[in-house]
Amino acid sequence: MIRLSNVQKTYPARRGSPAHKALHGINLDIAAGEIVGVIGRSGAGKSTLIRCINLLEVPTAGSVIVDGTDVTQLAKRDLPLFRRQLGMVFQHFNLLSSRTVYDNIALPLELAGASKADIAAAVDPLLPLVGLEDKRDRYPAELSGGQKQRVGIARALSSNPKVVLCDEVTSALDPETTRQILSLLRDINKRLGLTMVVITHEMAVVKQLCDRVAVMDGGVIVEEGKVDAIFANPAHATTQSLLADEFLDYPARNNTAATAGQEEA
Amino acid sequence: MFATLAPILLQATLETFSMVISALVLGTTFGLPIGVILATSGRGELFEAPLFQKIIGPIVNATRSVPFIILAVAIIPFTRLVAGTSIGTAAAIVPLTVAAIPFIARIIEGAIREVDGGLVEAAQAMGARPFQVVTKVLLPEALPGIIHGLTLTAVTLIGYSAMVGAVGAGGLGDLGIRYGYQRFRPDVMAAVVITLIVVVQMVQSLGDWLARKADKRNI
(Lines give C-alpha, C1' and ligand atoms only; values in the text may rest on other atoms or scores of the structure.)
Protein backbone atom coordinates (compact mmCIF):
# COMPACT_ATOMS: atom_id res chain seq x y z
CA MET A 1 0.00 0.00 0.00
CA ILE A 2 2.77 2.40 0.97
CA ARG A 3 6.42 1.96 0.03
CA LEU A 4 9.06 4.42 1.16
CA SER A 5 12.37 3.97 -0.67
CA ASN A 6 15.47 5.86 0.46
CA VAL A 7 13.38 8.84 1.61
CA GLN A 8 15.61 11.73 2.65
CA LYS A 9 14.69 15.14 3.97
CA THR A 10 17.06 18.01 4.56
CA TYR A 11 15.79 21.34 5.85
CA PRO A 12 17.80 24.08 4.13
CA ALA A 13 19.95 26.47 6.16
CA ARG A 14 18.15 29.58 7.35
CA ARG A 15 19.50 32.71 8.95
CA GLY A 16 20.85 31.57 12.31
CA SER A 17 20.53 27.82 11.80
CA PRO A 18 22.56 25.47 9.59
CA ALA A 19 20.99 22.91 7.24
CA HIS A 20 19.42 20.04 9.14
CA LYS A 21 19.11 16.50 7.83
CA ALA A 22 15.94 15.08 9.42
CA LEU A 23 15.68 11.82 7.45
CA HIS A 24 18.69 9.81 6.25
CA GLY A 25 17.27 7.37 3.71
CA ILE A 26 14.16 5.70 5.13
CA ASN A 27 12.96 2.38 3.67
CA LEU A 28 9.59 1.13 4.88
CA ASP A 29 6.89 -1.09 3.39
CA ILE A 30 3.35 -0.94 4.71
CA ALA A 31 0.86 -3.55 3.54
CA ALA A 32 -2.85 -2.84 2.96
CA GLY A 33 -4.92 -3.21 6.13
CA GLU A 34 -1.89 -3.13 8.38
CA ILE A 35 -1.31 -0.84 11.38
CA VAL A 36 2.33 0.18 11.49
CA GLY A 37 3.74 2.15 14.39
CA VAL A 38 6.70 4.50 14.08
CA ILE A 39 8.16 5.19 17.49
CA GLY A 40 11.00 7.45 18.55
CA ARG A 41 11.93 10.30 20.82
CA SER A 42 11.41 13.99 19.99
CA GLY A 43 13.59 14.96 17.06
CA ALA A 44 13.98 11.40 15.78
CA GLY A 45 12.29 12.42 12.51
CA LYS A 46 9.02 10.53 12.91
CA SER A 47 6.78 13.57 12.34
CA THR A 48 8.77 14.48 9.24
CA LEU A 49 8.42 10.89 8.06
CA ILE A 50 4.62 10.80 8.33
CA ARG A 51 4.39 14.20 6.59
CA CYS A 52 6.42 12.83 3.70
CA ILE A 53 3.68 10.27 3.08
CA ASN A 54 1.02 12.90 2.28
CA LEU A 55 3.60 15.38 0.96
CA LEU A 56 3.00 18.01 3.65
CA GLU A 57 6.79 17.76 3.63
CA VAL A 58 8.40 17.17 0.25
CA PRO A 59 11.26 14.64 0.49
CA THR A 60 14.64 15.89 -0.72
CA ALA A 61 15.35 12.50 -2.30
CA GLY A 62 13.80 9.05 -2.61
CA SER A 63 10.33 7.89 -3.61
CA VAL A 64 7.02 7.56 -1.78
CA ILE A 65 4.72 5.09 -3.50
CA VAL A 66 1.11 5.11 -2.32
CA ASP A 67 -1.29 2.67 -3.94
CA GLY A 68 1.03 2.22 -6.94
CA THR A 69 1.72 5.92 -7.62
CA ASP A 70 5.01 7.66 -6.89
CA VAL A 71 3.47 10.70 -5.25
CA THR A 72 6.73 12.66 -5.19
CA GLN A 73 6.32 12.97 -8.97
CA LEU A 74 2.83 14.50 -8.78
CA ALA A 75 2.35 18.07 -10.02
CA LYS A 76 1.56 20.61 -7.33
CA ARG A 77 -2.03 21.06 -8.53
CA ASP A 78 -2.65 17.28 -8.34
CA LEU A 79 -1.57 17.08 -4.68
CA PRO A 80 -4.98 18.06 -3.21
CA LEU A 81 -6.64 15.25 -5.19
CA PHE A 82 -4.08 12.73 -3.91
CA ARG A 83 -4.39 13.94 -0.31
CA ARG A 84 -8.15 13.38 -0.38
CA GLN A 85 -7.39 9.63 -0.48
CA LEU A 86 -5.61 9.87 2.88
CA GLY A 87 -7.01 10.80 6.26
CA MET A 88 -4.89 12.40 8.96
CA VAL A 89 -5.46 12.67 12.72
CA PHE A 90 -3.43 15.16 14.79
CA GLN A 91 -2.07 15.42 18.31
CA HIS A 92 -3.82 18.74 18.97
CA PHE A 93 -6.96 17.72 17.05
CA ASN A 94 -6.83 20.81 14.75
CA LEU A 95 -10.61 21.21 14.68
CA LEU A 96 -12.14 24.44 13.36
CA SER A 97 -13.54 26.32 16.36
CA SER A 98 -16.09 28.07 14.13
CA ARG A 99 -17.70 24.81 12.97
CA THR A 100 -19.94 22.33 14.76
CA VAL A 101 -18.99 18.66 15.15
CA TYR A 102 -21.03 17.80 12.06
CA ASP A 103 -19.54 20.60 9.96
CA ASN A 104 -16.00 19.71 11.04
CA ILE A 105 -16.50 16.11 9.93
CA ALA A 106 -18.08 17.36 6.69
CA LEU A 107 -15.13 19.65 5.81
CA PRO A 108 -13.06 17.20 3.71
CA LEU A 109 -16.15 16.42 1.62
CA GLU A 110 -17.01 20.10 1.29
CA LEU A 111 -13.48 20.75 0.02
CA ALA A 112 -13.94 18.00 -2.57
CA GLY A 113 -17.16 19.65 -3.75
CA ALA A 114 -19.60 16.96 -2.53
CA SER A 115 -23.32 17.74 -2.51
CA LYS A 116 -25.22 18.32 0.77
CA ALA A 117 -26.95 14.94 0.39
CA ASP A 118 -23.67 13.10 -0.20
CA ILE A 119 -22.14 14.83 2.81
CA ALA A 120 -25.06 13.81 5.04
CA ALA A 121 -24.86 10.23 3.74
CA ALA A 122 -21.18 10.05 4.67
CA VAL A 123 -21.23 11.98 7.96
CA ASP A 124 -24.41 10.63 9.59
CA PRO A 125 -23.14 7.02 9.96
CA LEU A 126 -19.78 8.27 11.30
CA LEU A 127 -21.32 9.98 14.34
CA PRO A 128 -22.47 6.72 16.01
CA LEU A 129 -19.25 4.98 14.89
CA VAL A 130 -17.19 7.39 17.01
CA GLY A 131 -19.89 7.70 19.70
CA LEU A 132 -20.87 11.33 19.15
CA GLU A 133 -24.55 11.09 18.05
CA ASP A 134 -25.58 13.49 20.82
CA LYS A 135 -22.85 16.05 20.05
CA ARG A 136 -23.76 16.61 16.39
CA ASP A 137 -24.45 20.36 16.68
CA ARG A 138 -21.96 21.20 19.43
CA TYR A 139 -18.84 23.31 18.94
CA PRO A 140 -15.32 21.95 19.74
CA ALA A 141 -15.06 24.32 22.74
CA GLU A 142 -17.91 22.33 24.35
CA LEU A 143 -16.13 18.96 24.04
CA SER A 144 -13.57 17.11 26.16
CA GLY A 145 -10.17 16.17 24.72
CA GLY A 146 -11.28 12.60 24.00
CA GLN A 147 -14.43 13.81 22.27
CA LYS A 148 -12.42 16.27 20.18
CA GLN A 149 -10.14 13.45 19.05
CA ARG A 150 -13.21 11.36 18.11
CA VAL A 151 -14.27 14.26 15.87
CA GLY A 152 -10.74 14.30 14.44
CA ILE A 153 -10.97 10.58 13.69
CA ALA A 154 -14.43 10.89 12.12
CA ARG A 155 -13.17 13.79 10.00
CA ALA A 156 -10.22 11.68 8.79
CA LEU A 157 -12.67 8.93 7.78
CA SER A 158 -15.33 11.07 6.09
CA SER A 159 -13.72 11.16 2.67
CA ASN A 160 -13.55 7.35 2.75
CA PRO A 161 -9.72 7.13 2.63
CA LYS A 162 -7.63 4.00 2.13
CA VAL A 163 -4.94 5.17 4.54
CA VAL A 164 -5.17 7.02 7.86
CA LEU A 165 -2.09 8.79 9.22
CA CYS A 166 -2.09 9.23 13.01
CA ASP A 167 0.36 11.82 14.38
CA GLU A 168 0.72 11.41 18.17
CA VAL A 169 -3.05 11.13 18.43
CA THR A 170 -3.15 10.22 22.12
CA SER A 171 -0.27 12.36 23.40
CA ALA A 172 -2.60 15.12 24.62
CA LEU A 173 -5.00 12.70 26.33
CA ASP A 174 -5.12 11.05 29.76
CA PRO A 175 -4.42 7.27 30.07
CA GLU A 176 -8.07 6.18 30.23
CA THR A 177 -9.08 8.32 27.24
CA THR A 178 -5.97 7.06 25.43
CA ARG A 179 -7.14 3.46 25.87
CA GLN A 180 -10.61 4.33 24.52
CA ILE A 181 -9.23 6.17 21.49
CA LEU A 182 -6.79 3.33 20.71
CA SER A 183 -9.51 0.69 20.90
CA LEU A 184 -11.69 2.87 18.65
CA LEU A 185 -8.87 3.03 16.09
CA ARG A 186 -8.32 -0.74 16.34
CA ASP A 187 -12.05 -1.31 15.87
CA ILE A 188 -12.16 1.00 12.83
CA ASN A 189 -9.15 -0.76 11.31
CA LYS A 190 -10.89 -4.15 11.64
CA ARG A 191 -14.25 -2.94 10.38
CA LEU A 192 -13.10 -0.85 7.44
CA GLY A 193 -9.85 -2.64 6.61
CA LEU A 194 -7.93 0.64 6.65
CA THR A 195 -4.16 0.94 6.49
CA MET A 196 -2.83 3.01 9.37
CA VAL A 197 0.50 4.66 10.08
CA VAL A 198 0.79 5.60 13.75
CA ILE A 199 3.45 8.01 15.04
CA THR A 200 4.03 7.87 18.78
CA HIS A 201 6.65 8.13 21.50
CA GLU A 202 4.83 5.66 23.77
CA MET A 203 5.43 1.91 23.63
CA ALA A 204 2.00 1.36 25.23
CA VAL A 205 0.36 2.80 22.11
CA VAL A 206 2.39 0.44 19.91
CA LYS A 207 1.50 -2.54 22.07
CA GLN A 208 -2.22 -1.85 22.11
CA LEU A 209 -2.68 -0.74 18.51
CA CYS A 210 0.02 -1.81 16.08
CA ASP A 211 0.81 -4.96 14.08
CA ARG A 212 4.33 -3.90 13.23
CA VAL A 213 6.65 -1.25 14.56
CA ALA A 214 9.63 0.73 13.26
CA VAL A 215 11.90 2.36 15.84
CA MET A 216 13.49 5.64 14.75
CA ASP A 217 16.50 7.48 16.09
CA GLY A 218 18.49 10.31 14.52
CA GLY A 219 16.58 10.17 11.22
CA VAL A 220 17.05 6.44 10.57
CA ILE A 221 14.99 3.33 11.33
CA VAL A 222 17.16 1.41 13.80
CA GLU A 223 14.88 -1.60 14.28
CA GLU A 224 11.74 -2.90 12.64
CA GLY A 225 9.53 -5.95 13.04
CA LYS A 226 6.36 -7.54 14.46
CA VAL A 227 5.30 -5.87 17.70
CA ASP A 228 5.41 -9.13 19.74
CA ALA A 229 8.91 -9.94 18.49
CA ILE A 230 10.27 -6.45 19.23
CA PHE A 231 8.76 -6.45 22.73
CA ALA A 232 10.11 -9.92 23.48
CA ASN A 233 13.57 -9.29 22.12
CA PRO A 234 14.49 -5.62 21.60
CA ALA A 235 17.88 -5.51 19.86
CA HIS A 236 18.69 -1.80 19.69
CA ALA A 237 19.53 0.43 22.65
CA THR A 238 16.86 2.99 21.65
CA THR A 239 14.15 0.32 21.68
CA GLN A 240 15.33 -0.94 25.04
CA SER A 241 15.29 2.52 26.57
CA LEU A 242 11.82 3.29 25.15
CA LEU A 243 10.57 0.05 26.73
CA ALA A 244 12.25 0.97 30.00
CA ASP A 245 10.44 4.34 30.07
CA GLU A 246 7.17 2.56 29.69
CA PHE A 247 7.91 0.18 32.50
CA LEU A 248 7.59 2.98 35.06
CA ASP A 249 3.99 3.54 33.94
CA TYR A 250 3.08 -0.15 33.77
CA PRO A 251 4.80 -1.90 36.68
CA ALA A 252 2.93 -5.17 36.11
CA ARG A 253 4.62 -5.85 32.75
CA ASN A 254 6.77 -8.95 32.66
CA ASN A 255 9.46 -8.07 30.17
CA THR A 256 13.18 -8.67 30.41
CA ALA A 257 14.24 -5.43 28.77
CA ALA A 258 11.86 -3.43 30.86
CA THR A 259 13.05 -5.09 34.04
CA ALA A 260 16.61 -4.29 33.05
CA GLY A 261 15.55 -0.70 32.56
CA GLN A 262 14.01 -0.57 36.01
CA GLU A 263 17.17 -1.87 37.60
CA GLU A 264 19.17 0.85 35.89
CA ALA A 265 16.66 3.42 37.11
CA MET B 1 -34.18 76.34 20.05
CA PHE B 2 -34.05 72.58 20.13
CA ALA B 3 -36.69 72.49 17.39
CA THR B 4 -34.34 74.35 15.02
CA LEU B 5 -31.25 72.43 16.06
CA ALA B 6 -32.73 68.92 15.88
CA PRO B 7 -33.19 68.72 12.08
CA ILE B 8 -29.67 70.07 11.43
CA LEU B 9 -28.20 67.60 13.91
CA LEU B 10 -30.10 64.69 12.37
CA GLN B 11 -29.01 65.70 8.90
CA ALA B 12 -25.36 65.90 10.03
CA THR B 13 -25.57 62.52 11.79
CA LEU B 14 -26.95 60.86 8.67
CA GLU B 15 -24.19 62.40 6.57
CA THR B 16 -21.59 61.06 9.00
CA PHE B 17 -23.18 57.61 8.85
CA SER B 18 -23.24 57.58 5.05
CA MET B 19 -19.58 58.64 4.85
CA VAL B 20 -18.40 56.12 7.43
CA ILE B 21 -20.44 53.18 6.13
CA SER B 22 -19.41 53.83 2.51
CA ALA B 23 -15.73 54.11 3.46
CA LEU B 24 -15.99 50.97 5.61
CA VAL B 25 -17.59 48.92 2.82
CA LEU B 26 -15.23 50.18 0.12
CA GLY B 27 -12.24 49.93 2.46
CA THR B 28 -13.07 46.31 3.28
CA THR B 29 -13.60 45.47 -0.39
CA PHE B 30 -10.02 46.53 -1.19
CA GLY B 31 -8.43 45.98 2.23
CA LEU B 32 -9.57 42.36 2.70
CA PRO B 33 -7.69 40.87 -0.27
CA ILE B 34 -4.60 42.97 0.54
CA GLY B 35 -4.73 41.77 4.16
CA VAL B 36 -5.09 38.14 3.07
CA ILE B 37 -2.11 38.47 0.74
CA LEU B 38 -0.01 40.18 3.43
CA ALA B 39 -0.79 37.33 5.84
CA THR B 40 -0.14 34.48 3.40
CA SER B 41 2.63 35.58 1.03
CA GLY B 42 5.62 35.14 3.36
CA ARG B 43 8.33 32.55 2.82
CA GLY B 44 6.95 29.02 3.16
CA GLU B 45 3.37 30.33 3.40
CA LEU B 46 0.28 29.58 1.35
CA PHE B 47 0.83 31.97 -1.56
CA GLU B 48 4.57 32.36 -1.29
CA ALA B 49 5.50 35.72 -2.88
CA PRO B 50 8.10 37.45 -0.69
CA LEU B 51 8.80 40.12 -3.33
CA PHE B 52 5.14 41.13 -3.44
CA GLN B 53 5.12 41.38 0.33
CA LYS B 54 8.25 43.52 0.25
CA ILE B 55 6.54 45.96 -2.13
CA ILE B 56 3.02 46.11 -0.69
CA GLY B 57 4.10 46.26 2.98
CA PRO B 58 5.93 49.61 2.72
CA ILE B 59 3.11 51.12 0.61
CA VAL B 60 0.63 50.18 3.35
CA ASN B 61 2.94 51.62 6.01
CA ALA B 62 3.50 54.84 4.06
CA THR B 63 -0.24 55.47 3.71
CA ARG B 64 -0.73 54.83 7.40
CA SER B 65 2.05 57.14 8.49
CA VAL B 66 0.53 60.26 6.83
CA PRO B 67 -1.74 62.16 9.26
CA PHE B 68 -5.28 61.93 7.95
CA ILE B 69 -5.87 65.67 7.57
CA ILE B 70 -2.71 65.93 5.42
CA LEU B 71 -3.75 62.88 3.38
CA ALA B 72 -7.20 64.36 2.76
CA VAL B 73 -5.68 67.60 1.42
CA ALA B 74 -2.82 65.95 -0.45
CA ILE B 75 -5.05 63.69 -2.52
CA ILE B 76 -7.55 66.39 -3.54
CA PRO B 77 -6.60 66.00 -7.26
CA PHE B 78 -7.32 62.26 -6.99
CA THR B 79 -10.58 62.96 -5.15
CA ARG B 80 -11.62 65.34 -7.94
CA LEU B 81 -10.78 62.67 -10.51
CA VAL B 82 -12.88 60.01 -8.78
CA ALA B 83 -15.81 62.01 -7.35
CA GLY B 84 -15.85 64.88 -9.84
CA THR B 85 -15.54 67.40 -6.99
CA SER B 86 -13.47 67.81 -3.86
CA ILE B 87 -16.24 69.38 -1.78
CA GLY B 88 -19.15 67.64 -0.07
CA THR B 89 -20.08 64.39 1.57
CA ALA B 90 -19.60 62.19 -1.52
CA ALA B 91 -16.13 63.61 -2.13
CA ALA B 92 -15.14 62.99 1.49
CA ILE B 93 -15.70 59.26 0.99
CA VAL B 94 -12.59 59.16 -1.24
CA PRO B 95 -9.95 60.17 1.34
CA LEU B 96 -11.79 58.19 4.04
CA THR B 97 -11.60 55.06 1.87
CA VAL B 98 -7.96 55.67 1.00
CA ALA B 99 -7.17 55.89 4.72
CA ALA B 100 -9.34 52.86 5.58
CA ILE B 101 -7.80 50.42 3.06
CA PRO B 102 -4.32 50.04 4.65
CA PHE B 103 -5.84 50.18 8.15
CA ILE B 104 -8.22 47.32 7.34
CA ALA B 105 -5.51 45.40 5.48
CA ARG B 106 -3.30 45.35 8.59
CA ILE B 107 -6.26 44.35 10.77
CA ILE B 108 -7.18 41.44 8.49
CA GLU B 109 -3.52 40.40 8.34
CA GLY B 110 -3.27 40.40 12.14
CA ALA B 111 -6.49 38.45 12.61
CA ILE B 112 -5.41 35.79 10.09
CA ARG B 113 -1.98 35.43 11.68
CA GLU B 114 -3.72 34.59 14.96
CA VAL B 115 -5.24 31.45 13.39
CA ASP B 116 -3.44 28.28 14.56
CA GLY B 117 -1.05 27.03 11.87
CA GLY B 118 -2.17 23.46 12.69
CA LEU B 119 -5.53 24.24 11.08
CA VAL B 120 -3.84 25.20 7.82
CA GLU B 121 -1.83 21.99 7.91
CA ALA B 122 -4.98 19.96 8.65
CA ALA B 123 -6.82 21.60 5.76
CA GLN B 124 -3.93 20.89 3.39
CA ALA B 125 -3.83 17.27 4.58
CA MET B 126 -7.54 17.03 3.70
CA GLY B 127 -6.79 18.18 0.18
CA ALA B 128 -7.74 21.86 0.44
CA ARG B 129 -6.49 24.04 -2.38
CA PRO B 130 -4.76 27.25 -1.21
CA PHE B 131 -7.80 29.41 -2.03
CA GLN B 132 -10.02 26.98 -0.08
CA VAL B 133 -7.70 27.28 2.92
CA VAL B 134 -8.45 31.02 2.88
CA THR B 135 -12.21 30.79 2.41
CA LYS B 136 -12.96 27.67 4.47
CA VAL B 137 -10.42 27.97 7.27
CA LEU B 138 -8.55 31.27 7.65
CA LEU B 139 -11.39 33.77 7.20
CA PRO B 140 -14.06 31.88 9.24
CA GLU B 141 -11.59 31.23 12.06
CA ALA B 142 -10.37 34.85 12.02
CA LEU B 143 -13.91 36.27 11.90
CA PRO B 144 -14.20 37.37 15.57
CA GLY B 145 -10.87 39.22 15.29
CA ILE B 146 -11.91 40.75 11.97
CA ILE B 147 -15.18 42.03 13.45
CA HIS B 148 -13.32 43.56 16.39
CA GLY B 149 -10.91 45.22 13.96
CA LEU B 150 -13.66 46.57 11.70
CA THR B 151 -15.39 48.05 14.76
CA LEU B 152 -12.14 49.81 15.62
CA THR B 153 -11.94 51.02 12.02
CA ALA B 154 -15.52 52.34 12.15
CA VAL B 155 -14.78 54.34 15.32
CA THR B 156 -11.58 55.73 13.79
CA LEU B 157 -13.48 56.66 10.62
CA ILE B 158 -16.09 58.56 12.66
CA GLY B 159 -13.20 60.62 14.02
CA TYR B 160 -11.71 61.11 10.55
CA SER B 161 -15.12 62.07 9.13
CA ALA B 162 -15.22 64.96 11.58
CA MET B 163 -11.87 66.09 10.20
CA VAL B 164 -13.02 66.04 6.58
CA GLY B 165 -15.63 68.54 7.76
CA ALA B 166 -12.71 70.95 7.85
CA VAL B 167 -12.08 70.51 4.12
CA GLY B 168 -15.68 71.05 3.07
CA ALA B 169 -17.53 67.80 3.68
CA GLY B 170 -20.76 67.62 5.66
CA GLY B 171 -21.42 65.62 8.78
CA LEU B 172 -21.12 66.16 12.50
CA GLY B 173 -17.57 67.56 12.35
CA ASP B 174 -18.62 70.18 9.82
CA LEU B 175 -21.60 71.14 12.01
CA GLY B 176 -19.39 71.46 15.08
CA ILE B 177 -16.83 73.64 13.30
CA ARG B 178 -19.17 75.92 11.38
CA TYR B 179 -21.91 76.43 13.98
CA GLY B 180 -20.26 75.55 17.26
CA TYR B 181 -16.82 77.07 16.73
CA GLN B 182 -17.08 79.76 14.06
CA ARG B 183 -20.50 81.13 15.19
CA PHE B 184 -19.74 80.79 18.91
CA ARG B 185 -22.63 78.43 19.65
CA PRO B 186 -21.55 76.28 22.62
CA ASP B 187 -24.98 74.59 22.66
CA VAL B 188 -24.41 73.29 19.12
CA MET B 189 -20.89 72.18 20.00
CA ALA B 190 -22.18 70.32 23.05
CA ALA B 191 -24.93 68.66 21.00
CA VAL B 192 -22.38 67.53 18.40
CA VAL B 193 -20.01 66.13 21.02
CA ILE B 194 -22.82 64.26 22.82
CA THR B 195 -24.12 62.86 19.52
CA LEU B 196 -20.60 61.64 18.61
CA ILE B 197 -20.21 59.97 22.00
CA VAL B 198 -23.57 58.20 21.66
CA VAL B 199 -22.82 57.08 18.08
CA VAL B 200 -19.39 55.70 19.02
CA GLN B 201 -20.86 53.84 22.01
CA MET B 202 -23.53 52.29 19.80
CA VAL B 203 -21.03 51.23 17.13
CA GLN B 204 -18.71 49.70 19.75
CA SER B 205 -21.56 47.79 21.43
CA LEU B 206 -22.84 46.50 18.10
CA GLY B 207 -19.32 45.38 17.12
CA ASP B 208 -18.74 43.64 20.46
CA TRP B 209 -22.07 41.86 20.20
CA LEU B 210 -21.40 40.65 16.64
CA ALA B 211 -17.89 39.49 17.57
CA ARG B 212 -19.23 37.54 20.56
CA LYS B 213 -21.84 35.88 18.37
CA ALA B 214 -19.18 34.87 15.83
CA ASP B 215 -16.78 33.57 18.48
CA LYS B 216 -17.38 29.88 19.23
CA ARG B 217 -14.13 29.42 21.15
CA ASN B 218 -15.62 30.14 24.58
CA ILE B 219 -19.09 28.70 24.96
# chains A, B, ... in the order shown; residues from 1 in each chain; ligands from 1

$ residues_around --residues "B:Gly118" --least-positions-apart "2" --cutoff "10 Å" --atoms "only C-alpha atoms" --output "tab-separated table (two decimals) with N, CA and C atoms, in the first residue's frame"
chain	number	residue	atom	x	y	z
A	90	PHE	N	-4.52	14.38	14.22
A	90	PHE	CA	-3.43	15.16	14.79
A	90	PHE	C	-3.41	15.11	16.32
A	91	GLN	N	-2.23	15.38	16.86
A	91	GLN	CA	-2.07	15.42	18.31
A	91	GLN	C	-3.00	16.46	18.95
A	92	HIS	N	-3.02	17.67	18.38
A	92	HIS	CA	-3.82	18.74	18.97
A	92	HIS	C	-5.15	18.90	18.23
A	93	PHE	N	-5.63	17.83	17.65
A	93	PHE	CA	-6.96	17.72	17.05
A	93	PHE	C	-7.14	18.58	15.79
A	94	ASN	N	-6.70	19.89	15.88
A	94	ASN	CA	-6.83	20.81	14.75
A	94	ASN	C	-8.25	20.88	14.20
A	95	LEU	N	-9.22	21.02	15.11
A	95	LEU	CA	-10.61	21.21	14.68
A	95	LEU	C	-10.86	22.70	14.48
B	115	VAL	N	-4.66	32.78	13.59
B	115	VAL	CA	-5.24	31.45	13.39
B	115	VAL	C	-4.14	30.40	13.53
B	116	ASP	N	-4.40	29.36	14.30
B	116	ASP	CA	-3.44	28.28	14.56
B	116	ASP	C	-2.95	27.65	13.25
B	120	VAL	N	-4.23	25.12	9.23
B	120	VAL	CA	-3.84	25.20	7.82
B	120	VAL	C	-3.28	23.86	7.37
B	121	GLU	N	-2.42	23.28	8.23
B	121	GLU	CA	-1.83	21.99	7.91
B	121	GLU	C	-2.93	20.92	7.77
B	122	ALA	N	-3.89	20.93	8.71
B	122	ALA	CA	-4.98	19.96	8.65
B	122	ALA	C	-5.77	20.11	7.35
B	123	ALA	N	-6.05	21.37	6.98
B	123	ALA	CA	-6.82	21.60	5.76
B	123	ALA	C	-6.05	21.10	4.54
B	124	GLN	N	-4.74	21.36	4.52
B	124	GLN	CA	-3.93	20.89	3.39
B	124	GLN	C	-3.90	19.36	3.35

$ residues_around --residues "stretch 50-59 of chain A" --least-positions-apart "6" --cutoff "7 Å" --atoms "only C-alpha atoms" --output "list in words"
Val7, Gln8, Lys9 and Arg83 of chain A; Ala125 of chain B

$ residues_around --residues "A:Ser47" --least-positions-apart "6" --cutoff "9 Å" --atoms "only C-alpha atoms" --output "PyMOL selection string"
chain A and resi 167-168+199

$ closest_atom_pairs --of "chain A" --to "chain B" --cutoff "8 Å" --atoms "only C-alpha atoms" --output "tab-separated table"
residue	atom	partner	partner_atom	distance
A:Asn54	CA	B:Ala125	CA	6.9
A:Leu56	CA	B:Ala125	CA	6.9
A:Leu79	CA	B:Gly127	CA	7.2
A:Pro80	CA	B:Gly127	CA	3.8
A:Leu81	CA	B:Gly127	CA	6.1
A:Phe82	CA	B:Gly127	CA	7.3
A:Arg83	CA	B:Gly127	CA	4.9
A:Arg84	CA	B:Gly127	CA	5.0
A:Leu86	CA	B:Met126	CA	7.5
A:Gly87	CA	B:Met126	CA	6.8
A:Met88	CA	B:Ala125	CA	6.6
A:Phe90	CA	B:Ala122	CA	7.9
A:Asn94	CA	B:Leu119	CA	5.2
A:Leu95	CA	B:Leu119	CA	6.9
A:Leu96	CA	B:Glu141	CA	6.9
A:Ser97	CA	B:Arg217	CA	5.7
A:Ser98	CA	B:Lys216	CA	5.6
A:Pro108	CA	B:Met126	CA	5.5
A:Leu111	CA	B:Ala128	CA	5.9
A:Ala112	CA	B:Gly127	CA	7.7
A:Tyr139	CA	B:Lys216	CA	6.7
A:Pro140	CA	B:Arg217	CA	7.7
A:Ala141	CA	B:Arg217	CA	5.4
A:Glu142	CA	B:Ile219	CA	6.5
A:Ala156	CA	B:Met126	CA	7.9

$ residues_around --residues "B:Gly180" --least-positions-apart "6" --cutoff "7 Å" --atoms "only C-alpha atoms" --output "VMD selection string"
chain B and resid 186 188 to 189

$ closest_residue --among "A:Ser158, A:Thr48, A:Thr178, A:Thr239" --to "A:Gln85" --atoms "only C-alpha atoms"
A:Ser158

$ residues_around --residues "stretch 200-209 of chain B" --least-positions-apart "4" --cutoff "10 Å" --atoms "only C-alpha atoms" --output "MDAnalysis selection string"
chainID B and resid 144 147:152 154:156 158:159 194:196 213:215

$ atom_distance --atom1 "atom CA of B:Pro95" --atom2 "atom CA of B:Ile21"
13.5 Å

$ closest_residue --among "A:Val101, A:Leu28, A:Val222, A:His236" --to "A:Leu143" --atoms "only C-alpha atoms"
A:Val101

$ residues_around --residues "stretch 32-36 of chain B" --least-positions-apart "5" --cutoff "8 Å" --atoms "only C-alpha atoms" --output "list in words"
Ile104, Ala105, Arg106, Ile107, Ile108, Glu109, Ile112 and Val134 of chain B

$ residues_around --residues "B:Gly165" --least-positions-apart "4" --cutoff "10 Å" --atoms "only C-alpha atoms" --output "number ranges by chain"
B: 16, 87-89, 92, 160-161, 169-178

$ select_by_dssp --residues "chain B" --states "helix (DSSP H, G or I)" --output "PyMOL selection string"
chain B and resi 2-40+50-65+68-74+76-83+89-113+117-125+130-167+172-181+186-214

$ atom_distance --atom1 "atom CA of A:Ala204" --atom2 "atom CA of A:Leu242"
10.0 Å

$ atom_distance --atom1 "atom CA of A:Leu4" --atom2 "atom CA of A:Ala244"
29.2 Å
